[in-house]
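One file, final.txt, is given below (compact mmCIF, N, CA and C atoms).
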# COMPACT_ATOMS: atom_id res chain seq x y z
N PRO A 17 75.94 -6.45 0.51
CA PRO A 17 76.84 -5.40 0.07
C PRO A 17 76.16 -4.47 -0.93
N LEU A 18 76.56 -3.22 -0.92
CA LEU A 18 75.98 -2.21 -1.78
C LEU A 18 76.67 -2.23 -3.14
N THR A 19 76.15 -3.04 -4.04
CA THR A 19 76.71 -3.16 -5.38
C THR A 19 75.72 -2.57 -6.38
N ASN A 20 76.20 -2.29 -7.59
CA ASN A 20 75.32 -1.80 -8.64
C ASN A 20 74.22 -2.81 -8.95
N GLU A 21 74.56 -4.08 -8.89
CA GLU A 21 73.58 -5.14 -9.15
C GLU A 21 72.47 -5.09 -8.10
N TYR A 22 72.85 -4.94 -6.84
CA TYR A 22 71.87 -4.86 -5.76
C TYR A 22 70.97 -3.64 -5.94
N LEU A 23 71.56 -2.49 -6.27
CA LEU A 23 70.77 -1.28 -6.48
C LEU A 23 69.81 -1.45 -7.65
N GLN A 24 70.27 -2.09 -8.72
CA GLN A 24 69.41 -2.33 -9.87
C GLN A 24 68.25 -3.25 -9.50
N THR A 25 68.51 -4.24 -8.68
CA THR A 25 67.46 -5.14 -8.21
C THR A 25 66.41 -4.35 -7.43
N LEU A 26 66.85 -3.45 -6.57
CA LEU A 26 65.90 -2.62 -5.82
C LEU A 26 65.11 -1.72 -6.75
N ARG A 27 65.80 -1.12 -7.69
CA ARG A 27 65.18 -0.17 -8.61
C ARG A 27 64.10 -0.83 -9.44
N SER A 28 64.27 -2.06 -9.83
CA SER A 28 63.29 -2.73 -10.68
C SER A 28 62.22 -3.45 -9.88
N GLY A 29 62.32 -3.44 -8.56
CA GLY A 29 61.34 -4.12 -7.72
C GLY A 29 60.09 -3.30 -7.50
N ARG A 30 59.09 -3.92 -6.93
CA ARG A 30 57.85 -3.23 -6.57
C ARG A 30 58.08 -2.54 -5.23
N ALA A 31 57.71 -1.26 -5.17
CA ALA A 31 57.94 -0.48 -3.94
C ALA A 31 57.24 -1.11 -2.75
N GLY A 32 56.09 -1.71 -2.96
CA GLY A 32 55.37 -2.34 -1.86
C GLY A 32 56.10 -3.52 -1.26
N ASP A 33 57.06 -4.07 -2.02
CA ASP A 33 57.85 -5.20 -1.54
C ASP A 33 59.16 -4.77 -0.90
N LEU A 34 59.47 -3.48 -0.95
CA LEU A 34 60.73 -2.98 -0.41
C LEU A 34 60.55 -2.54 1.04
N THR A 35 61.61 -2.71 1.82
CA THR A 35 61.58 -2.23 3.21
C THR A 35 61.78 -0.72 3.21
N ALA A 36 61.50 -0.11 4.34
CA ALA A 36 61.71 1.34 4.48
C ALA A 36 63.17 1.70 4.23
N ASN A 37 64.11 0.87 4.70
CA ASN A 37 65.53 1.14 4.48
C ASN A 37 65.90 1.06 3.01
N GLN A 38 65.33 0.09 2.30
CA GLN A 38 65.62 -0.03 0.87
C GLN A 38 65.05 1.17 0.10
N LEU A 39 63.84 1.60 0.45
CA LEU A 39 63.27 2.79 -0.19
C LEU A 39 64.13 4.02 0.09
N GLN A 40 64.61 4.15 1.32
CA GLN A 40 65.46 5.29 1.68
C GLN A 40 66.76 5.25 0.88
N LEU A 41 67.32 4.08 0.69
CA LEU A 41 68.54 3.95 -0.11
C LEU A 41 68.29 4.42 -1.54
N LEU A 42 67.18 3.99 -2.14
CA LEU A 42 66.86 4.44 -3.49
C LEU A 42 66.65 5.95 -3.54
N LEU A 43 65.98 6.49 -2.55
CA LEU A 43 65.75 7.92 -2.50
C LEU A 43 67.07 8.68 -2.41
N SER A 44 67.99 8.22 -1.57
CA SER A 44 69.27 8.91 -1.46
C SER A 44 70.06 8.82 -2.76
N ARG A 45 69.99 7.70 -3.45
CA ARG A 45 70.67 7.56 -4.75
C ARG A 45 70.04 8.47 -5.78
N LYS A 46 68.72 8.62 -5.75
CA LYS A 46 68.04 9.53 -6.67
C LYS A 46 68.50 10.96 -6.42
N GLN A 47 68.61 11.34 -5.15
CA GLN A 47 69.04 12.70 -4.82
C GLN A 47 70.49 12.95 -5.22
N ASP A 48 71.29 11.89 -5.27
CA ASP A 48 72.68 12.02 -5.70
C ASP A 48 72.81 12.05 -7.22
N GLY A 49 71.69 11.99 -7.93
CA GLY A 49 71.73 12.07 -9.39
C GLY A 49 71.70 10.74 -10.11
N GLU A 50 71.65 9.65 -9.37
CA GLU A 50 71.55 8.34 -10.00
C GLU A 50 70.09 8.02 -10.28
N PHE A 51 69.86 7.06 -11.13
CA PHE A 51 68.52 6.57 -11.42
C PHE A 51 67.60 7.67 -11.92
N CYS A 52 68.03 8.38 -12.94
CA CYS A 52 67.24 9.50 -13.46
C CYS A 52 65.88 9.08 -13.99
N GLN A 53 65.68 7.82 -14.30
CA GLN A 53 64.41 7.36 -14.85
C GLN A 53 63.48 6.77 -13.78
N THR A 54 63.78 6.98 -12.52
CA THR A 54 62.95 6.43 -11.46
C THR A 54 61.55 7.02 -11.52
N HIS A 55 60.55 6.18 -11.35
CA HIS A 55 59.15 6.60 -11.39
C HIS A 55 58.36 5.68 -10.47
N ILE A 56 57.57 6.26 -9.58
CA ILE A 56 56.78 5.49 -8.63
C ILE A 56 55.36 5.34 -9.18
N VAL A 57 54.79 4.15 -9.04
CA VAL A 57 53.39 3.93 -9.38
C VAL A 57 52.71 3.31 -8.17
N SER A 58 51.73 4.01 -7.63
CA SER A 58 50.95 3.49 -6.51
C SER A 58 49.78 2.69 -7.09
N LEU A 59 49.66 1.45 -6.65
CA LEU A 59 48.66 0.55 -7.22
C LEU A 59 47.38 0.49 -6.40
N GLY A 60 46.69 1.60 -6.32
CA GLY A 60 45.34 1.65 -5.79
C GLY A 60 45.19 1.39 -4.31
N ASP A 61 43.95 1.59 -3.86
CA ASP A 61 43.57 1.36 -2.47
C ASP A 61 44.51 2.11 -1.52
N LEU A 62 44.42 3.43 -1.56
CA LEU A 62 45.37 4.28 -0.88
C LEU A 62 45.30 4.25 0.65
N GLY A 63 44.15 4.04 1.22
CA GLY A 63 44.05 4.22 2.66
C GLY A 63 43.64 2.99 3.43
N ARG A 64 43.43 3.22 4.68
CA ARG A 64 42.93 2.17 5.54
C ARG A 64 41.41 2.25 5.50
N GLY A 65 40.74 1.26 5.96
CA GLY A 65 39.30 1.33 5.95
C GLY A 65 38.65 0.29 6.81
N VAL A 66 37.43 0.54 7.12
CA VAL A 66 36.59 -0.42 7.83
C VAL A 66 35.43 -0.75 6.91
N LYS A 67 34.88 -1.91 7.07
CA LYS A 67 33.85 -2.37 6.15
C LYS A 67 32.45 -2.07 6.68
N ASP A 68 32.14 -0.80 6.84
CA ASP A 68 30.76 -0.40 7.06
C ASP A 68 30.58 0.97 6.40
N SER A 69 29.40 1.50 6.45
CA SER A 69 29.12 2.72 5.68
C SER A 69 29.50 4.00 6.43
N ARG A 70 29.91 3.92 7.67
CA ARG A 70 30.30 5.11 8.44
C ARG A 70 31.81 5.25 8.38
N HIS A 71 32.27 6.26 7.72
CA HIS A 71 33.71 6.47 7.56
C HIS A 71 34.22 7.52 8.53
N GLN A 72 35.42 7.32 8.93
CA GLN A 72 36.14 8.31 9.71
C GLN A 72 37.07 9.05 8.76
N PRO A 73 37.45 10.28 9.06
CA PRO A 73 38.44 10.95 8.22
C PRO A 73 39.70 10.10 8.10
N GLY A 74 40.16 9.90 6.89
CA GLY A 74 41.35 9.09 6.65
C GLY A 74 41.04 7.70 6.17
N ASP A 75 39.79 7.25 6.32
CA ASP A 75 39.42 5.94 5.81
C ASP A 75 39.51 5.94 4.29
N ALA A 76 39.61 4.76 3.72
CA ALA A 76 39.75 4.61 2.27
C ALA A 76 38.65 5.38 1.54
N GLY A 77 39.07 6.10 0.50
CA GLY A 77 38.12 6.80 -0.36
C GLY A 77 37.73 8.18 0.10
N THR A 78 38.18 8.62 1.26
CA THR A 78 37.80 9.94 1.76
C THR A 78 38.80 11.00 1.28
N SER A 79 38.36 12.24 1.32
CA SER A 79 39.25 13.34 0.95
C SER A 79 40.49 13.37 1.82
N GLN A 80 40.33 13.09 3.12
CA GLN A 80 41.48 13.06 4.02
C GLN A 80 42.46 11.97 3.62
N CYS A 81 41.95 10.82 3.23
CA CYS A 81 42.80 9.71 2.78
C CYS A 81 43.62 10.16 1.57
N PHE A 82 42.97 10.83 0.62
CA PHE A 82 43.68 11.30 -0.58
C PHE A 82 44.76 12.31 -0.20
N ARG A 83 44.45 13.23 0.70
CA ARG A 83 45.45 14.23 1.12
C ARG A 83 46.63 13.56 1.82
N ASP A 84 46.36 12.58 2.67
CA ASP A 84 47.43 11.86 3.37
C ASP A 84 48.32 11.11 2.38
N ALA A 85 47.71 10.45 1.42
CA ALA A 85 48.48 9.71 0.41
C ALA A 85 49.30 10.65 -0.44
N LYS A 86 48.74 11.81 -0.79
CA LYS A 86 49.48 12.79 -1.59
C LYS A 86 50.69 13.31 -0.82
N ALA A 87 50.50 13.60 0.46
CA ALA A 87 51.62 14.08 1.28
C ALA A 87 52.72 13.01 1.35
N TYR A 88 52.33 11.76 1.48
CA TYR A 88 53.31 10.67 1.53
C TYR A 88 54.07 10.57 0.21
N LEU A 89 53.35 10.52 -0.90
CA LEU A 89 54.01 10.38 -2.21
C LEU A 89 54.84 11.61 -2.57
N ASP A 90 54.37 12.80 -2.19
CA ASP A 90 55.14 14.02 -2.43
C ASP A 90 56.44 14.03 -1.62
N GLY A 91 56.51 13.21 -0.57
CA GLY A 91 57.69 13.14 0.28
C GLY A 91 58.87 12.43 -0.36
N PHE A 92 58.70 11.88 -1.56
CA PHE A 92 59.80 11.20 -2.23
C PHE A 92 60.67 12.17 -3.03
N ALA A 93 60.82 13.36 -2.54
CA ALA A 93 61.80 14.35 -3.00
C ALA A 93 61.86 14.51 -4.52
N GLY A 94 60.71 14.72 -5.12
CA GLY A 94 60.72 15.03 -6.54
C GLY A 94 60.71 13.83 -7.47
N ILE A 95 60.70 12.62 -6.95
CA ILE A 95 60.58 11.47 -7.84
C ILE A 95 59.15 11.48 -8.37
N PRO A 96 58.98 11.47 -9.70
CA PRO A 96 57.62 11.53 -10.23
C PRO A 96 56.83 10.27 -9.89
N TYR A 97 55.52 10.43 -9.77
CA TYR A 97 54.67 9.28 -9.46
C TYR A 97 53.35 9.39 -10.20
N ASP A 98 52.73 8.26 -10.38
CA ASP A 98 51.38 8.17 -10.90
C ASP A 98 50.63 7.16 -10.05
N LEU A 99 49.32 7.14 -10.23
CA LEU A 99 48.48 6.28 -9.41
C LEU A 99 47.51 5.49 -10.27
N VAL A 100 47.19 4.31 -9.80
CA VAL A 100 46.12 3.50 -10.35
C VAL A 100 45.03 3.48 -9.29
N THR A 101 43.82 3.83 -9.66
CA THR A 101 42.73 3.88 -8.71
C THR A 101 42.29 2.47 -8.34
N GLY A 102 42.10 2.23 -7.07
CA GLY A 102 41.59 0.94 -6.61
C GLY A 102 40.12 1.03 -6.25
N ASN A 103 39.46 -0.10 -6.16
CA ASN A 103 38.04 -0.09 -5.84
C ASN A 103 37.76 0.55 -4.48
N HIS A 104 38.67 0.43 -3.54
CA HIS A 104 38.45 1.02 -2.22
C HIS A 104 38.69 2.52 -2.21
N ASP A 105 39.25 3.06 -3.29
CA ASP A 105 39.41 4.51 -3.40
C ASP A 105 38.07 5.19 -3.69
N LEU A 106 37.04 4.40 -3.94
CA LEU A 106 35.71 4.94 -4.25
C LEU A 106 34.66 4.47 -3.25
N GLU A 107 35.04 4.39 -2.00
CA GLU A 107 34.07 3.86 -1.04
C GLU A 107 33.69 4.82 0.08
N ALA A 108 33.91 6.10 -0.10
CA ALA A 108 33.51 7.07 0.93
C ALA A 108 32.03 7.38 0.76
N LEU A 109 31.21 6.42 1.13
CA LEU A 109 29.77 6.48 0.85
C LEU A 109 29.08 7.66 1.52
N ASP A 110 29.57 8.07 2.67
CA ASP A 110 28.90 9.17 3.36
C ASP A 110 29.49 10.54 3.03
N GLU A 111 30.58 10.59 2.26
CA GLU A 111 31.18 11.88 1.90
C GLU A 111 30.76 12.34 0.50
N PHE A 112 30.54 11.41 -0.42
CA PHE A 112 30.23 11.76 -1.80
C PHE A 112 28.90 11.16 -2.22
N GLU A 113 28.18 11.90 -3.06
CA GLU A 113 26.89 11.42 -3.55
C GLU A 113 27.03 10.26 -4.53
N THR A 114 28.07 10.32 -5.38
CA THR A 114 28.22 9.30 -6.43
C THR A 114 29.68 8.87 -6.53
N ASP A 115 29.91 7.74 -7.20
CA ASP A 115 31.28 7.31 -7.49
C ASP A 115 31.99 8.35 -8.34
N HIS A 116 31.25 8.97 -9.25
CA HIS A 116 31.85 10.01 -10.11
C HIS A 116 32.39 11.15 -9.25
N ASP A 117 31.61 11.59 -8.26
CA ASP A 117 32.06 12.66 -7.35
C ASP A 117 33.29 12.21 -6.57
N ASN A 118 33.31 10.97 -6.12
CA ASN A 118 34.44 10.41 -5.37
C ASN A 118 35.70 10.39 -6.25
N LEU A 119 35.54 9.91 -7.49
CA LEU A 119 36.67 9.86 -8.42
C LEU A 119 37.16 11.27 -8.76
N GLN A 120 36.24 12.21 -8.91
CA GLN A 120 36.63 13.59 -9.20
C GLN A 120 37.45 14.18 -8.05
N ALA A 121 37.06 13.88 -6.82
CA ALA A 121 37.83 14.35 -5.66
C ALA A 121 39.23 13.77 -5.67
N TRP A 122 39.36 12.49 -6.03
CA TRP A 122 40.67 11.83 -6.16
C TRP A 122 41.51 12.53 -7.22
N MET A 123 40.90 12.78 -8.38
CA MET A 123 41.62 13.44 -9.49
C MET A 123 42.03 14.86 -9.08
N ASP A 124 41.14 15.58 -8.43
CA ASP A 124 41.45 16.96 -8.01
C ASP A 124 42.60 16.99 -7.01
N CYS A 125 42.60 16.08 -6.06
CA CYS A 125 43.65 16.04 -5.05
C CYS A 125 45.02 15.81 -5.67
N PHE A 126 45.08 14.90 -6.64
CA PHE A 126 46.36 14.56 -7.26
C PHE A 126 46.64 15.35 -8.54
N HIS A 127 45.79 16.34 -8.82
CA HIS A 127 45.96 17.20 -10.00
C HIS A 127 46.03 16.37 -11.28
N LYS A 128 45.12 15.43 -11.40
CA LYS A 128 45.07 14.54 -12.55
C LYS A 128 43.89 14.94 -13.44
N PRO A 129 44.14 15.20 -14.73
CA PRO A 129 43.03 15.56 -15.61
C PRO A 129 42.14 14.36 -15.96
N THR A 130 42.69 13.16 -15.85
CA THR A 130 41.95 11.94 -16.14
C THR A 130 42.34 10.89 -15.09
N PRO A 131 41.52 9.85 -14.93
CA PRO A 131 41.86 8.82 -13.93
C PRO A 131 42.86 7.80 -14.43
N GLN A 132 43.35 7.94 -15.64
CA GLN A 132 44.37 7.01 -16.16
C GLN A 132 45.62 7.80 -16.54
N PHE A 133 46.70 7.09 -16.80
CA PHE A 133 47.93 7.75 -17.21
C PHE A 133 48.69 6.84 -18.15
N HIS A 134 49.64 7.42 -18.85
CA HIS A 134 50.60 6.64 -19.62
C HIS A 134 51.95 7.29 -19.43
N ARG A 135 52.97 6.50 -19.53
CA ARG A 135 54.33 6.99 -19.30
C ARG A 135 55.26 6.34 -20.31
N TYR A 136 55.90 7.15 -21.12
CA TYR A 136 56.89 6.66 -22.07
C TYR A 136 58.18 6.40 -21.29
N VAL A 137 58.68 5.17 -21.36
CA VAL A 137 59.87 4.83 -20.59
C VAL A 137 61.07 4.48 -21.46
N GLY A 138 60.93 4.51 -22.78
CA GLY A 138 62.08 4.28 -23.64
C GLY A 138 61.79 3.32 -24.77
N GLU A 139 62.76 3.21 -25.67
CA GLU A 139 62.62 2.34 -26.82
C GLU A 139 62.52 0.87 -26.42
N LYS A 140 63.47 0.43 -25.60
CA LYS A 140 63.50 -0.96 -25.15
C LYS A 140 63.74 -0.97 -23.65
N ASN A 141 62.94 -1.74 -22.97
CA ASN A 141 63.08 -1.81 -21.51
C ASN A 141 62.88 -3.25 -21.06
N PRO A 142 63.91 -3.87 -20.52
CA PRO A 142 63.72 -5.22 -19.98
C PRO A 142 63.12 -5.12 -18.58
N PHE A 143 61.88 -5.49 -18.44
CA PHE A 143 61.23 -5.45 -17.14
C PHE A 143 61.41 -6.79 -16.44
N GLY A 144 61.94 -6.76 -15.25
CA GLY A 144 62.05 -7.97 -14.46
C GLY A 144 60.72 -8.38 -13.90
N ARG A 145 59.94 -7.40 -13.46
CA ARG A 145 58.62 -7.65 -12.90
C ARG A 145 57.71 -6.53 -13.36
N ILE A 146 56.50 -6.88 -13.67
CA ILE A 146 55.52 -5.85 -14.06
C ILE A 146 54.33 -5.97 -13.14
Would you mind writing the structure in this file as structure tokens?
Amino acid sequence: PLTNEYLQTLRSGRAGDLTANQLQLLLSRKQDGEFCQTHIVSLGDLGRGVKDSRHQPGDAGTSQCFRDAKAYLDGFAGIPYDLVTGNHDLEALDEFETDHDNLQAWMDCFHKPTPQFHRYVGEKNPFGRI
């Protein structure tokens, strides 16, 4: 049943653990003006990948991967998001000369001045899961 308790459970959960229907429910509630403090955090390793040095467009760490991930995250209708870089986000060995260049491409794609972020969420916040 769709209760406030159920919605709160979804809201405090990890997005990676939610089904597409549960994410859609949260998105519709956000659009209706509920959950004004909703914030998405993507926990690294944005794309798919193969474990060799020849990458295809869209493989982990490539510019195409970053653009695809940005389009996906931008699709959450204005819900703010931040990202944590994963080790596989820096593995486009044939596209970038250095890890620094790879990280800079990631930052440029997501319009991030630095590879880290902080977010003030309030005076007191009971986190069910971190």
- Note on the structure: Across A:Cys125, A:Ala76, A:Ala85, A:Ala93, the smallest distance to Leu106 (chain A), with all atoms listed in the file counted, is shown by A:Ala76
- Using all atoms listed in the file, pick whichever of A:Lys128, A:His116, A:Val57, A:Asn37 has the shortest atom-to-atom distance to Asp98 (chain A). A:Val57
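Between atom N of Gly94 (chain A) and CA of Leu41 (chain A) there is a distance of 14.2 Å.
The nearest approach to Phe112 (chain A) among the residues A:His55, A:Leu62, A:Gly77, A:Gln40, with all atoms listed in the file taken into account, belongs to A:Gly77.
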Specify the axis-aligned box that encloses all atoms of region 82-99 of chain A listed in the file after padding of 5 Å on each side, stating its centre and edge lengths in Å to one decimal as lines of an AutoDock Vina configuration file.
center_x = 52.4
center_y = 10.3
center_z = -3.8
size_x = 28.9
size_y = 19.5
size_z = 24.3
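Among the candidates A:Leu59, A:His134, A:Met123, A:Glu113, the one nearest to Phe82 (chain A) when counting only C-alpha atoms is A:Met123.
Note that CA of Tyr136 (chain A) and atom C of Ala121 (chain A) are 25.1 Å apart.
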- Task: Point out the residue among A:His104, A:Tyr97, A:Gly91, A:Thr114 with the least atom-to-atom distance to His127 (chain A), counting only C-alpha atoms.
- Result: A:Tyr97
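The space separating CA of Thr78 (chain A) from CA of Ile56 (chain A) comes to 22.1 Å.
Excluding Arg83 (chain A) itself and any same-chain residue fewer than 5 positions from it, the protein and nucleic acid residues within 10 Å of it, counting only C-alpha atoms, are Gly74, Thr78, Tyr88, Leu89, Trp122, Cys125 and Phe126 of chain A.
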